[in-house]
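Participant: Got a structure for you, questions after.
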Amino acid sequence: MTKEAIFTPVGKAAEELATPKKSGKKGDSLYEKAVDLPEPTTAAPAKLGLKKGQLLEMFESMVLQRRFEERAMQMYQKGKFGGFLHLYIGQEAVSTGTTAALKDDDDIITAYRDHGWGLVRGVSARQGMAELFGKATGCSKGKGGSMHFANVEKHFWGGYGIVGGHIPLGGGLAFANKYKGLDRLTTCFMGDGAVDQGALHETMNMAQLWKLPIMFIVENNGYAMGTATRRHSTGELWERALGYGMKHRVVNGMDVLSVYEAMKEMATDVRKDSMPWFVEIRTYRYRGHSMSDPQKYRDKEEMEEFQSLDPIERLKTVLLDKKMATQKAIDAIYEKVEEEVMDAVEFADNSPFPEDSALYEDMYSEPNPVFHR
Amino acid sequence: MAELQFREALRQAIDEEMARDENVFIMGEEVSEYNGAYKVTEGLLETYGFKRVIDTPIAELGFAGIGVGAAMNGLRPIIEFMTFNFAVLAADQIINHASKVKYMLGGQVSVPIVFRGPNASAGQLGATHSVAYESMYAHFPGIKVIHPSEPGDAKGLLKSAIRDNDTVLFMESEQMYGLKGEVNEDPEHLIPIGKAAVKREGSDVTLVTHGKIYHTVVKAAAELAKEGIEAEIVDLRTVKPLDMDTVIASVKKTHRCVVVDEAHPFAGTAAEVGYLLQRDAFDDLDAPVVRVTLPDVSAPFSKPLFDAWFPSVKDVVDGAKQVYYKS
Ligand SMILES: Cc1ncc(C[n+]2csc(CCOP(=O)(O)OP(=O)(O)O)c2C)c(N)n1
Ligand SMILES: [Mg+2]
């Protein structure tokens, strides 16, 4: 069946849709992959300056992010909490490689798919799970929930729920760092869907014009909810940089070493000349958009292909091949993480909800509540 | 005390606060080299340089948001909108971000920012350049809204706004920038946010107002005096927090109230004041509260239509007579 020409993308993408390509990788099914991954880095960890201890930490962090969310999903399904729950599963190499490459006082801000980002920037599993449960012990005192993890003390400025809305905030963080003469750089992460928002383009223009020390980084996971990147954005995402004369790069986001290498190089570069970057990190989301997504918009083959490229399995293979860890040591990490996550669930469950008075705290509100009725 | 124009009073406030705190900076369209679309920022570039007096592209959403992020990260931005009509493009940053970040992150950050610029009608500028936004923003929790009517109030309140740790919207008027008035030149003279001022005492009717239309109300009070009706004028100065104590104290004296609001009527400041009066001062009222506002249609261009649209001295006088049961 040929697709309607109307309301499908024009130009190159339309031609491709009219004559679907074989993936060339799996069976004979006809589909276009959600994202084309660039080649991963060929550099060995040692060449990247990564020691065994760091790699093991990175591995543990990725496992924690994964298990934390798998348990969170179970708790959601058990009815422990409601609202949105956007899982980061599949994308863990991005948060992990980034934080390993950045300095601890470099600033990070992102969208609502933020659990992994909180966990890599000092939100404990306990505080994270408690936030999901809406408890007073959560990282945002239960006032933010899944979409608003934050640890400002550790320079993680939070997850934000308006697609593209946090991008100017990222610009402002960088502006303030430059204004105050600080050596901190800002990494502003966003989904592929946010690339279409005016907020990005207004901020990119000013960032380039004012030489702000910032990296605009797209986590292109192939979809904005159910709309494939190729169906919501014309051309390639990284090409947005060209209009602003901005430095740009495409990175394999399924390989933590590639993310680390690229982020390290770009961070050094930003510190050198305070010129921004636009970065497209290609990755894949394994779960639905949020909790109620039957995922009719993608094929099983596609999922299987990306699952075969799993970033955690990939790093595990490196660790085993390079004899940096034994299978036993790996198993021990899984066990430790499992305990940590189960402890977090218990902690969240046993934590108190916020006091009623908290309703009026953490924002300016009338002391004499004339409007509260 | 000095006799200054409204724009000079604002400039003095900005200048003093920038001198006092190097984290204060001003950003907006034409604020720097051009000296401000309405010359509020004239001369600031010479004193503070391009780092602290920043021309932006015409990108309200972007620069408002950069201001919010900078405020989160320790600065005290003053964001000038050429007019509040254009701030609508930045509404996401004001309403969804500036006012909410602190709350949704459980108090981990604050957003000490001032968004300022002219608000409401400035004559025959057509439908898109004539809108009064104060009650719209006041609707949202977490935002303070100031709309003064005289240079002295403007200076003292703007200084308070800049030192405030929350998001403050500060509204002016193109038609008031040249208006002169007494201004306190003491750099530590601040006027607290959320305090109304009784600007004329009278025993017969309370006229509640704010912003530019205050000056229409002053004329109406003079007309009413000729007919033996002594009006008391309460200038709210700040729309939110709303100083109902001062309004109610006045109504307890006059027992009659007209709210004069240069905005559309639906869910506006006048509606809010009217509701709160019936709730908290019902027994003190000798007549239902009357409001004098714009009609529920957009601003026309044509002069006769514009005059029919904009509340006049006569409209205010008629409102007062209505609550006074006098025709
Ligand atoms: C301004 C705005 N419009 C619509 C939405 C609803 N919405 C939430 S997530 C989403 C898809 C965003 O996709 P993407 O940016 O690719 O991020 P991902 O979910 O893949 O991480 C949409 C449309 C929103 N939150 N904000
Ligand atoms: Mg996406």
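Convention: chains lettered A, B, ... in structure tokens order; per-chain residue numbering from 1; ligands numbered from 1 as shown.
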Hey, which residues sit close to ligand 1? Say within 10 Å, counting only C-alpha atoms and all ligand atoms, and write them as a count of residues only.
Facilitator: 46
Participant: Run DSSP on the backbone and grab whatever in stretch 32-274 of chain B lands in helix (DSSP H, G or I); send it over as a tab-separated table (two decimals) with N, CA, C and O atoms, in the first residue's frame.
Facilitator:
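Heads up, here's the output in part.tsv:
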chain	number	residue	atom	x	y	z
B	44	LEU	N	22.39	54.35	30.74
B	44	LEU	CA	22.87	53.24	31.57
B	44	LEU	C	24.04	52.51	30.91
B	44	LEU	O	24.95	52.02	31.58
B	45	LEU	N	24.01	52.42	29.58
B	45	LEU	CA	25.11	51.76	28.88
B	45	LEU	C	26.44	52.43	29.21
B	45	LEU	O	27.44	51.76	29.47
B	46	GLU	N	26.43	53.77	29.22
B	46	GLU	CA	27.67	54.48	29.50
B	46	GLU	C	28.21	54.15	30.89
B	46	GLU	O	29.41	54.02	31.10
B	47	THR	N	27.31	54.02	31.84
B	47	THR	CA	27.74	53.74	33.21
B	47	THR	C	28.15	52.28	33.39
B	47	THR	O	29.14	52.00	34.05
B	48	TYR	N	27.36	51.36	32.82
B	48	TYR	CA	27.54	49.96	33.18
B	48	TYR	C	28.08	49.07	32.07
B	48	TYR	O	28.40	47.90	32.30
B	49	GLY	N	28.14	49.60	30.87
B	49	GLY	CA	28.75	48.83	29.79
B	49	GLY	C	27.84	47.75	29.22
B	49	GLY	O	26.75	47.47	29.74
B	50	PHE	N	28.31	47.13	28.14
B	50	PHE	CA	27.50	46.15	27.42
B	50	PHE	C	27.24	44.88	28.24
B	50	PHE	O	26.32	44.14	27.97
B	51	LYS	N	28.10	44.62	29.22
B	51	LYS	CA	27.89	43.41	30.02
B	51	LYS	C	26.60	43.48	30.83
B	51	LYS	O	25.94	42.47	31.04
B	52	ARG	N	26.25	44.67	31.31
B	52	ARG	CA	25.11	44.75	32.22
B	52	ARG	C	23.90	45.47	31.63
B	52	ARG	O	22.84	45.54	32.26
B	60	GLU	N	11.30	37.25	22.55
B	60	GLU	CA	10.82	37.39	23.93
B	60	GLU	C	10.89	36.09	24.72
B	60	GLU	O	11.29	36.07	25.88
B	61	LEU	N	10.48	35.00	24.07
B	61	LEU	CA	10.50	33.71	24.77
B	61	LEU	C	11.93	33.37	25.19
B	61	LEU	O	12.17	32.97	26.33
B	62	GLY	N	12.85	33.56	24.28
B	62	GLY	CA	14.24	33.21	24.55
B	62	GLY	C	14.86	34.07	25.63
B	62	GLY	O	15.43	33.56	26.59
B	63	PHE	N	14.74	35.40	25.50
B	63	PHE	CA	15.47	36.21	26.49
B	63	PHE	C	14.76	36.24	27.84
B	63	PHE	O	15.42	36.38	28.87
B	64	ALA	N	13.45	36.08	27.85
B	64	ALA	CA	12.77	35.96	29.15
B	64	ALA	C	13.29	34.71	29.86
B	64	ALA	O	13.57	34.74	31.06
B	65	GLY	N	13.42	33.62	29.12
B	65	GLY	CA	13.87	32.36	29.71
B	65	GLY	C	15.33	32.41	30.13
B	65	GLY	O	15.71	31.84	31.16
B	66	ILE	N	16.14	33.08	29.35
B	66	ILE	CA	17.55	33.25	29.75
B	66	ILE	C	17.59	34.04	31.05
B	66	ILE	O	18.38	33.73	31.95
B	67	GLY	N	16.71	35.00	31.18
B	67	GLY	CA	16.61	35.74	32.44
B	67	GLY	C	16.24	34.82	33.60
B	67	GLY	O	16.85	34.88	34.67
B	68	VAL	N	15.27	33.95	33.38
B	68	VAL	CA	14.85	33.05	34.46
B	68	VAL	C	16.00	32.13	34.87
B	68	VAL	O	16.29	31.95	36.06
B	69	GLY	N	16.68	31.57	33.88
B	69	GLY	CA	17.82	30.69	34.18
B	69	GLY	C	18.92	31.43	34.91
B	69	GLY	O	19.52	30.91	35.85
B	70	ALA	N	19.17	32.67	34.49
B	70	ALA	CA	20.21	33.46	35.15
B	70	ALA	C	19.81	33.77	36.59
B	70	ALA	O	20.65	33.76	37.50
B	71	ALA	N	18.52	34.01	36.81
B	71	ALA	CA	18.04	34.27	38.17
B	71	ALA	C	18.20	33.03	39.04
B	71	ALA	O	18.61	33.11	40.20
B	72	MET	N	17.91	31.86	38.48
B	72	MET	CA	18.08	30.61	39.23
B	72	MET	C	19.54	30.44	39.63
B	72	MET	O	19.86	29.89	40.68
B	84	PHE	N	4.03	44.96	27.27
B	84	PHE	CA	3.57	43.66	27.76
B	84	PHE	C	2.78	42.88	26.71
B	84	PHE	O	2.58	41.68	26.84
B	85	ASN	N	2.35	43.57	25.64
B	85	ASN	CA	1.69	42.83	24.56
B	85	ASN	C	2.63	41.77	23.98
B	85	ASN	O	2.20	40.71	23.57
B	86	PHE	N	3.92	42.10	23.97
B	86	PHE	CA	4.89	41.18	23.37
B	86	PHE	C	5.34	40.11	24.38
B	86	PHE	O	5.90	39.10	24.01
B	87	ALA	N	5.09	40.39	25.63
B	87	ALA	CA	5.45	39.41	26.67
B	87	ALA	C	4.59	38.16	26.54
B	87	ALA	O	4.95	37.11	27.09
B	88	VAL	N	3.49	38.26	25.83
B	88	VAL	CA	2.66	37.07	25.63
B	88	VAL	C	3.48	35.96	24.98
B	88	VAL	O	3.29	34.79	25.25
B	89	LEU	N	4.43	36.34	24.14
B	89	LEU	CA	5.27	35.32	23.51
B	89	LEU	C	6.19	34.66	24.53
B	89	LEU	O	6.72	33.59	24.29
B	90	ALA	N	6.38	35.31	25.65
B	90	ALA	CA	7.23	34.76	26.71
B	90	ALA	C	6.39	34.18	27.85
B	90	ALA	O	6.93	33.82	28.89
B	91	ALA	N	5.09	34.10	27.63
B	91	ALA	CA	4.20	33.67	28.72
B	91	ALA	C	4.63	32.32	29.28
B	91	ALA	O	4.54	32.08	30.49
B	92	ASP	N	5.12	31.43	28.43
B	92	ASP	CA	5.56	30.12	28.93
B	92	ASP	C	6.65	30.28	29.98
B	92	ASP	O	6.66	29.57	30.99
B	93	GLN	N	7.55	31.20	29.74
B	93	GLN	CA	8.65	31.39	30.69
B	93	GLN	C	8.17	32.04	31.98
B	93	GLN	O	8.63	31.70	33.07
B	94	ILE	N	7.23	32.98	31.87
B	94	ILE	CA	6.75	33.66	33.07
B	94	ILE	C	5.83	32.74	33.87
B	94	ILE	O	6.00	32.56	35.07
B	95	ILE	N	4.88	32.15	33.18
B	95	ILE	CA	3.83	31.41	33.87
B	95	ILE	C	4.26	29.98	34.20
B	95	ILE	O	4.04	29.48	35.31
B	96	ASN	N	4.89	29.31	33.25
B	96	ASN	CA	5.24	27.91	33.47
B	96	ASN	C	6.59	27.71	34.14
B	96	ASN	O	6.86	26.63	34.67
B	97	HIS	N	7.45	28.71	34.04
B	97	HIS	CA	8.79	28.50	34.60
B	97	HIS	C	9.08	29.44	35.77
B	97	HIS	O	9.21	28.98	36.89
B	98	ALA	N	9.16	30.74	35.52
B	98	ALA	CA	9.53	31.66	36.60
B	98	ALA	C	8.67	31.44	37.86
B	98	ALA	O	9.19	31.36	38.97
B	101	VAL	N	9.17	27.15	39.15
B	101	VAL	CA	10.38	26.33	39.33
B	101	VAL	C	10.64	26.06	40.81
B	101	VAL	O	10.88	24.92	41.21
B	102	LYS	N	10.58	27.11	41.61
B	102	LYS	CA	10.90	26.94	43.02
B	102	LYS	C	9.98	25.89	43.66
B	102	LYS	O	10.43	25.01	44.39
B	103	TYR	N	8.72	25.99	43.35
B	103	TYR	CA	7.73	25.08	43.96
B	103	TYR	C	7.97	23.65	43.51
B	103	TYR	O	8.03	22.73	44.32
B	104	MET	N	8.12	23.46	42.21
B	104	MET	CA	8.20	22.07	41.74
B	104	MET	C	9.53	21.41	42.05
B	104	MET	O	9.62	20.19	42.04
B	127	ALA	N	-5.66	46.82	18.01
B	127	ALA	CA	-6.05	45.75	18.93
B	127	ALA	C	-4.87	45.04	19.60
B	127	ALA	O	-4.96	44.65	20.76
B	128	THR	N	-3.76	44.85	18.88
B	128	THR	CA	-2.69	44.04	19.48
B	128	THR	C	-1.74	44.83	20.39
B	128	THR	O	-0.92	44.23	21.06
B	129	HIS	N	-1.83	46.16	20.38
B	129	HIS	CA	-0.88	46.95	21.17
B	129	HIS	C	-1.54	47.68	22.33
B	129	HIS	O	-1.04	48.69	22.80
B	134	GLU	N	-2.50	42.83	33.62
B	134	GLU	CA	-2.17	42.62	35.03
B	134	GLU	C	-3.02	41.55	35.70
B	134	GLU	O	-2.50	40.74	36.47
B	135	SER	N	-4.31	41.50	35.39
B	135	SER	CA	-5.11	40.50	36.10
B	135	SER	C	-4.83	39.10	35.57
B	135	SER	O	-4.93	38.12	36.29
B	136	MET	N	-4.45	39.02	34.29
B	136	MET	CA	-4.11	37.71	33.75
B	136	MET	C	-2.93	37.11	34.52
B	136	MET	O	-2.98	35.97	34.97
B	137	TYR	N	-1.89	37.90	34.70
B	137	TYR	CA	-0.72	37.37	35.42
B	137	TYR	C	-1.02	37.20	36.91
B	137	TYR	O	-0.53	36.26	37.54
B	138	ALA	N	-1.82	38.12	37.46
B	138	ALA	CA	-2.15	38.01	38.88
B	138	ALA	C	-2.93	36.73	39.16
B	138	ALA	O	-2.94	36.22	40.27
B	151	PRO	N	5.25	58.76	39.57
B	151	PRO	CA	6.70	58.54	39.58
B	151	PRO	C	7.26	58.14	40.94
B	151	PRO	O	8.12	57.25	41.02
B	152	GLY	N	6.79	58.75	41.99
B	152	GLY	CA	7.33	58.45	43.32
B	152	GLY	C	7.08	56.99	43.71
B	152	GLY	O	7.98	56.30	44.21
B	153	ASP	N	5.85	56.54	43.47
B	153	ASP	CA	5.52	55.14	43.75
B	153	ASP	C	6.35	54.22	42.86
B	153	ASP	O	6.82	53.17	43.29
B	154	ALA	N	6.49	54.63	41.61
B	154	ALA	CA	7.20	53.79	40.64
B	154	ALA	C	8.63	53.52	41.11
B	154	ALA	O	9.10	52.38	41.10
B	155	LYS	N	9.30	54.56	41.55
B	155	LYS	CA	10.69	54.37	41.96
B	155	LYS	C	10.79	53.45	43.19
B	155	LYS	O	11.53	52.46	43.19
B	156	GLY	N	10.02	53.78	44.21
B	156	GLY	CA	10.13	53.00	45.44
B	156	GLY	C	9.71	51.55	45.27
B	156	GLY	O	10.28	50.65	45.88
B	157	LEU	N	8.72	51.35	44.42
B	157	LEU	CA	8.25	49.97	44.20
B	157	LEU	C	9.19	49.20	43.28
B	157	LEU	O	9.40	47.99	43.48
B	158	LEU	N	9.76	49.86	42.30
B	158	LEU	CA	10.68	49.14	41.42
B	158	LEU	C	11.92	48.69	42.20
B	158	LEU	O	12.43	47.58	42.01
B	159	LYS	N	12.37	49.52	43.11
B	159	LYS	CA	13.52	49.13	43.94
B	159	LYS	C	13.17	47.92	44.80
B	159	LYS	O	13.96	46.97	44.91
B	160	SER	N	11.98	47.93	45.37
B	160	SER	CA	11.54	46.76	46.14
B	160	SER	C	11.47	45.52	45.25
B	160	SER	O	11.84	44.43	45.67
B	161	ALA	N	10.97	45.72	44.04
B	161	ALA	CA	10.83	44.59	43.11
B	161	ALA	C	12.20	43.98	42.79
B	161	ALA	O	12.36	42.75	42.77
B	162	ILE	N	13.18	44.83	42.56
B	162	ILE	CA	14.52	44.33	42.20
B	162	ILE	C	15.14	43.58	43.38
B	162	ILE	O	15.83	42.59	43.20
B	163	ARG	N	14.85	44.03	44.59
B	163	ARG	CA	15.42	43.35	45.77
B	163	ARG	C	14.60	42.14	46.20
B	163	ARG	O	15.02	41.38	47.06
B	174	GLU	N	3.24	53.75	28.39
B	174	GLU	CA	3.88	54.68	27.46
B	174	GLU	C	3.40	56.10	27.72
B	174	GLU	O	4.16	57.06	27.59
B	175	GLN	N	2.13	56.22	28.07
B	175	GLN	CA	1.55	57.55	28.23
B	175	GLN	C	1.87	58.19	29.57
B	175	GLN	O	1.50	59.33	29.81
B	176	MET	N	2.53	57.45	30.44
B	176	MET	CA	2.92	58.05	31.73
B	176	MET	C	4.40	58.41	31.79
B	176	MET	O	4.82	59.10	32.72
B	211	GLY	N	-2.69	52.00	38.25
B	211	GLY	CA	-2.12	52.25	36.92
B	211	GLY	C	-2.56	53.59	36.33
B	211	GLY	O	-3.02	54.48	37.04
B	212	LYS	N	-2.42	53.68	35.03
B	212	LYS	CA	-2.62	54.96	34.35
B	212	LYS	C	-4.01	55.55	34.56
B	212	LYS	O	-4.18	56.77	34.67
B	213	ILE	N	-5.03	54.73	34.65
B	213	ILE	CA	-6.39	55.26	34.72
B	213	ILE	C	-6.65	55.97	36.06
B	213	ILE	O	-7.66	56.66	36.22
B	214	TYR	N	-5.71	55.81	36.98
B	214	TYR	CA	-5.77	56.59	38.22
B	214	TYR	C	-5.98	58.08	37.90
B	214	TYR	O	-6.73	58.78	38.58
B	215	HIS	N	-5.32	58.54	36.85
B	215	HIS	CA	-5.39	59.98	36.53
B	215	HIS	C	-6.76	60.39	36.00
B	215	HIS	O	-7.18	61.52	36.18
B	216	THR	N	-7.46	59.46	35.39
B	216	THR	CA	-8.86	59.70	35.01
B	216	THR	C	-9.72	59.79	36.27
B	216	THR	O	-10.62	60.64	36.38
B	217	VAL	N	-9.40	58.93	37.21
B	217	VAL	CA	-10.17	58.90	38.47
B	217	VAL	C	-9.97	60.20	39.25
B	217	VAL	O	-10.93	60.73	39.84
B	218	VAL	N	-8.76	60.73	39.23
B	218	VAL	CA	-8.49	62.00	39.92
B	218	VAL	C	-9.38	63.11	39.35
B	218	VAL	O	-9.99	63.90	40.08
B	219	LYS	N	-9.47	63.12	38.02
B	219	LYS	CA	-10.32	64.14	37.37
B	219	LYS	C	-11.78	63.93	37.74
B	219	LYS	O	-12.53	64.88	37.99
B	220	ALA	N	-12.19	62.67	37.76
B	220	ALA	CA	-13.59	62.37	38.09
B	220	ALA	C	-13.90	62.82	39.52
B	220	ALA	O	-14.98	63.37	39.79
B	221	ALA	N	-12.94	62.62	40.43
B	221	ALA	CA	-13.16	63.02	41.83
B	221	ALA	C	-13.36	64.53	41.91
B	221	ALA	O	-14.20	65.02	42.69
B	222	ALA	N	-12.61	65.28	41.09
B	222	ALA	CA	-12.76	66.74	41.09
B	222	ALA	C	-14.16	67.13	40.58
B	222	ALA	O	-14.81	68.02	41.13
B	223	GLU	N	-14.61	66.43	39.55
B	223	GLU	CA	-15.96	66.67	39.02
B	223	GLU	C	-17.02	66.39	40.09
B	223	GLU	O	-17.95	67.17	40.29
B	224	LEU	N	-16.83	65.24	40.75
B	224	LEU	CA	-17.81	64.84	41.76
B	224	LEU	C	-17.86	65.86	42.91
B	224	LEU	O	-18.94	66.16	43.43
B	225	ALA	N	-16.70	66.40	43.26
B	225	ALA	CA	-16.65	67.38	44.36
B	225	ALA	C	-17.50	68.60	44.03
B	225	ALA	O	-18.16	69.17	44.91
B	226	LYS	N	-17.49	68.96	42.73
B	226	LYS	CA	-18.30	70.11	42.32
B	226	LYS	C	-19.78	69.85	42.59
B	226	LYS	O	-20.56	70.77	42.77
B	244	MET	N	-6.43	44.44	50.36
B	244	MET	CA	-7.86	44.62	50.62
B	244	MET	C	-8.12	45.32	51.95
B	244	MET	O	-9.17	45.93	52.14
B	245	ASP	N	-7.16	45.26	52.86
B	245	ASP	CA	-7.37	45.93	54.15
B	245	ASP	C	-7.62	47.41	53.95
B	245	ASP	O	-8.53	47.99	54.55
B	246	THR	N	-6.81	48.02	53.10
B	246	THR	CA	-6.97	49.46	52.85
B	246	THR	C	-8.29	49.75	52.14
B	246	THR	O	-8.99	50.72	52.45
B	247	VAL	N	-8.65	48.88	51.19
B	247	VAL	CA	-9.92	49.06	50.47
B	247	VAL	C	-11.09	48.96	51.45
B	247	VAL	O	-11.99	49.81	51.46
B	248	ILE	N	-11.05	47.94	52.28
B	248	ILE	CA	-12.17	47.71	53.20
B	248	ILE	C	-12.27	48.83	54.23
B	248	ILE	O	-13.37	49.30	54.55
B	249	ALA	N	-11.13	49.29	54.72
B	249	ALA	CA	-11.14	50.40	55.69
B	249	ALA	C	-11.84	51.62	55.07
B	249	ALA	O	-12.63	52.30	55.74
B	250	SER	N	-11.57	51.84	53.81
B	250	SER	CA	-12.19	52.98	53.14
B	250	SER	C	-13.69	52.76	52.96
B	250	SER	O	-14.50	53.67	53.20
B	251	VAL	N	-14.05	51.57	52.56
B	251	VAL	CA	-15.47	51.27	52.33
B	251	VAL	C	-16.27	51.32	53.63
B	251	VAL	O	-17.44	51.71	53.64
B	252	LYS	N	-15.62	50.95	54.73
B	252	LYS	CA	-16.31	51.04	56.02
B	252	LYS	C	-16.67	52.49	56.32
B	252	LYS	O	-17.61	52.77	57.06
B	253	LYS	N	-15.91	53.39	55.74
B	253	LYS	CA	-16.16	54.82	55.94
B	253	LYS	C	-17.21	55.36	54.95
B	253	LYS	O	-18.13	56.07	55.32
B	254	THR	N	-17.06	54.97	53.68
B	254	THR	CA	-17.92	55.56	52.63
B	254	THR	C	-19.16	54.72	52.33
B	254	THR	O	-20.14	55.23	51.79
B	269	THR	N	-9.31	42.46	37.68
B	269	THR	CA	-9.05	42.96	39.03
B	269	THR	C	-10.34	43.52	39.65
B	269	THR	O	-10.60	43.32	40.84
B	270	ALA	N	-11.13	44.19	38.84
B	270	ALA	CA	-12.38	44.77	39.36
B	270	ALA	C	-13.31	43.67	39.87
B	270	ALA	O	-13.96	43.80	40.90
B	271	ALA	N	-13.34	42.57	39.12
B	271	ALA	CA	-14.20	41.46	39.54
B	271	ALA	C	-13.71	40.89	40.86
B	271	ALA	O	-14.51	40.57	41.76
B	272	GLU	N	-12.40	40.77	41.01
B	272	GLU	CA	-11.83	40.21	42.23
B	272	GLU	C	-12.13	41.11	43.42
B	272	GLU	O	-12.57	40.64	44.48
B	273	VAL	N	-11.90	42.42	43.25
B	273	VAL	CA	-12.16	43.36	44.35
B	273	VAL	C	-13.65	43.32	44.71
B	273	VAL	O	-14.02	43.30	45.89
B	274	GLY	N	-14.49	43.27	43.70
B	274	GLY	CA	-15.93	43.22	43.96
B	274	GLY	C	-16.32	41.98	44.75
B	274	GLY	O	-17.06	42.06	45.74
Participant: Do you know which residues are at most 8 Å from A:Ser95 counting only C-alpha atoms, after dropping those on the same chain fewer than 2 positions away, and could you put them as a tab-separated table (two decimals) with N, CA, C and O atoms, in the first residue's frame?
Facilitator:
chain	number	residue	atom	x	y	z
A	91	GLN	N	18.59	4.57	27.37
A	91	GLN	CA	19.36	5.79	27.11
A	91	GLN	C	20.44	6.05	28.17
A	91	GLN	O	21.06	7.10	28.19
A	92	GLU	N	20.67	5.08	29.05
A	92	GLU	CA	21.53	5.31	30.22
A	92	GLU	C	22.97	5.69	29.88
A	92	GLU	O	23.67	6.31	30.69
A	93	ALA	N	23.42	5.29	28.67
A	93	ALA	CA	24.81	5.62	28.31
A	93	ALA	C	25.00	7.13	28.19
A	93	ALA	O	26.09	7.64	28.41
A	97	GLY	N	27.81	8.57	30.50
A	97	GLY	CA	29.01	9.04	29.79
A	97	GLY	C	29.21	10.53	29.98
A	97	GLY	O	30.33	11.02	30.14
A	98	THR	N	28.10	11.27	30.02
A	98	THR	CA	28.18	12.72	30.17
A	98	THR	C	28.74	13.11	31.53
A	98	THR	O	29.70	13.87	31.63
A	99	THR	N	28.14	12.58	32.60
A	99	THR	CA	28.60	13.00	33.93
A	99	THR	C	30.02	12.55	34.20
A	99	THR	O	30.76	13.25	34.90
A	116	GLY	N	17.27	9.12	35.33
A	116	GLY	CA	18.68	8.76	35.17
A	116	GLY	C	19.57	9.94	35.51
A	116	GLY	O	20.60	9.79	36.19
A	117	TRP	N	19.18	11.12	35.07
A	117	TRP	CA	19.97	12.32	35.31
A	117	TRP	C	20.07	12.64	36.80
A	117	TRP	O	21.11	13.07	37.29
A	120	VAL	N	22.53	10.06	38.42
A	120	VAL	CA	23.96	10.29	38.17
A	120	VAL	C	24.46	11.57	38.83
A	120	VAL	O	25.66	11.80	38.90
Participant: Compute the chain A side of the contact with chain B at 8 Å, counting only C-alpha atoms, and hand it back as JSON, numbers by chain.
Facilitator: {"A": [139, 140, 141, 142, 143, 144, 148, 149, 150, 151, 152, 158, 162, 165, 166, 167, 168, 169, 170, 171, 172, 173, 174, 175, 176, 177, 179, 199, 200, 202, 203, 206, 361, 362, 363, 364, 365, 366]}
Participant: Atom CA of B:Ala197 and atom CA of B:Glu17, how far apart in Å?
Facilitator: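 About the pair atom CA of B:Glu17 and atom CA of B:Ala197: they are 23.9 Å apart.
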Participant: Any idea what's packed within 7 Å of B:Ala196, counting only C-alpha atoms, ignoring anything in its chain fewer than 3 positions away? Could you give it as a short mmCIF file (atom, residue, chain, number, x, y, z; two decimals) with N, CA, C and O atoms, in the first residue's frame?
Facilitator:
data_model
loop_
_atom_site.label_atom_id
_atom_site.label_comp_id
_atom_site.auth_asym_id
_atom_site.auth_seq_id
_atom_site.Cartn_x
_atom_site.Cartn_y
_atom_site.Cartn_z
N VAL B 234 -8.50 55.13 46.41
CA VAL B 234 -7.51 54.13 46.85
C VAL B 234 -6.74 53.67 45.62
O VAL B 234 -7.31 53.07 44.70
N ASP B 235 -5.47 54.00 45.58
CA ASP B 235 -4.60 53.54 44.49
C ASP B 235 -3.96 52.24 44.96
O ASP B 235 -3.13 52.23 45.87
N LEU B 236 -4.34 51.15 44.32
CA LEU B 236 -3.84 49.84 44.77
C LEU B 236 -2.31 49.75 44.64
O LEU B 236 -1.67 49.06 45.42
N ARG B 237 -1.77 50.36 43.62
CA ARG B 237 -0.33 50.33 43.33
C ARG B 237 0.18 48.91 43.01
O ARG B 237 0.92 48.71 42.06
N THR B 238 -0.20 47.97 43.83
CA THR B 238 0.15 46.56 43.59
C THR B 238 -1.15 45.79 43.41
O THR B 238 -2.05 45.89 44.23
N ASP B 243 -4.07 44.64 48.41
CA ASP B 243 -4.23 45.21 49.76
C ASP B 243 -5.70 45.49 50.06
O ASP B 243 -6.15 46.64 50.01
N THR B 246 -6.81 48.02 53.10
CA THR B 246 -6.97 49.46 52.85
C THR B 246 -8.29 49.75 52.14
O THR B 246 -8.99 50.72 52.45
#
Participant: A:Cys188, A:Leu320, A:Leu64, A:Met73: which is nearest A:Glu338, counting only C-alpha atoms?
Facilitator: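 Of A:Cys188, A:Leu320, A:Leu64, A:Met73, the one nearest A:Glu338, counting only C-alpha atoms, is A:Leu64.
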Participant: Report as number ranges by chain: the residues of stretch 91-257 of chain A with a DSSP assignment of strand (DSSP E), based on the backbone of this structure.
Facilitator: A: 107-111, 156-160, 186-191, 214-220, 223-224, 227-228, 247-252
Participant: Taking into account only C-alpha atoms, which residue in the set B:Gly181, B:Asn35, B:Asp55, B:Val239 is nearest to B:Ile146?
Facilitator: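 With only C-alpha atoms as the atom set, the closest residue is B:Val239.
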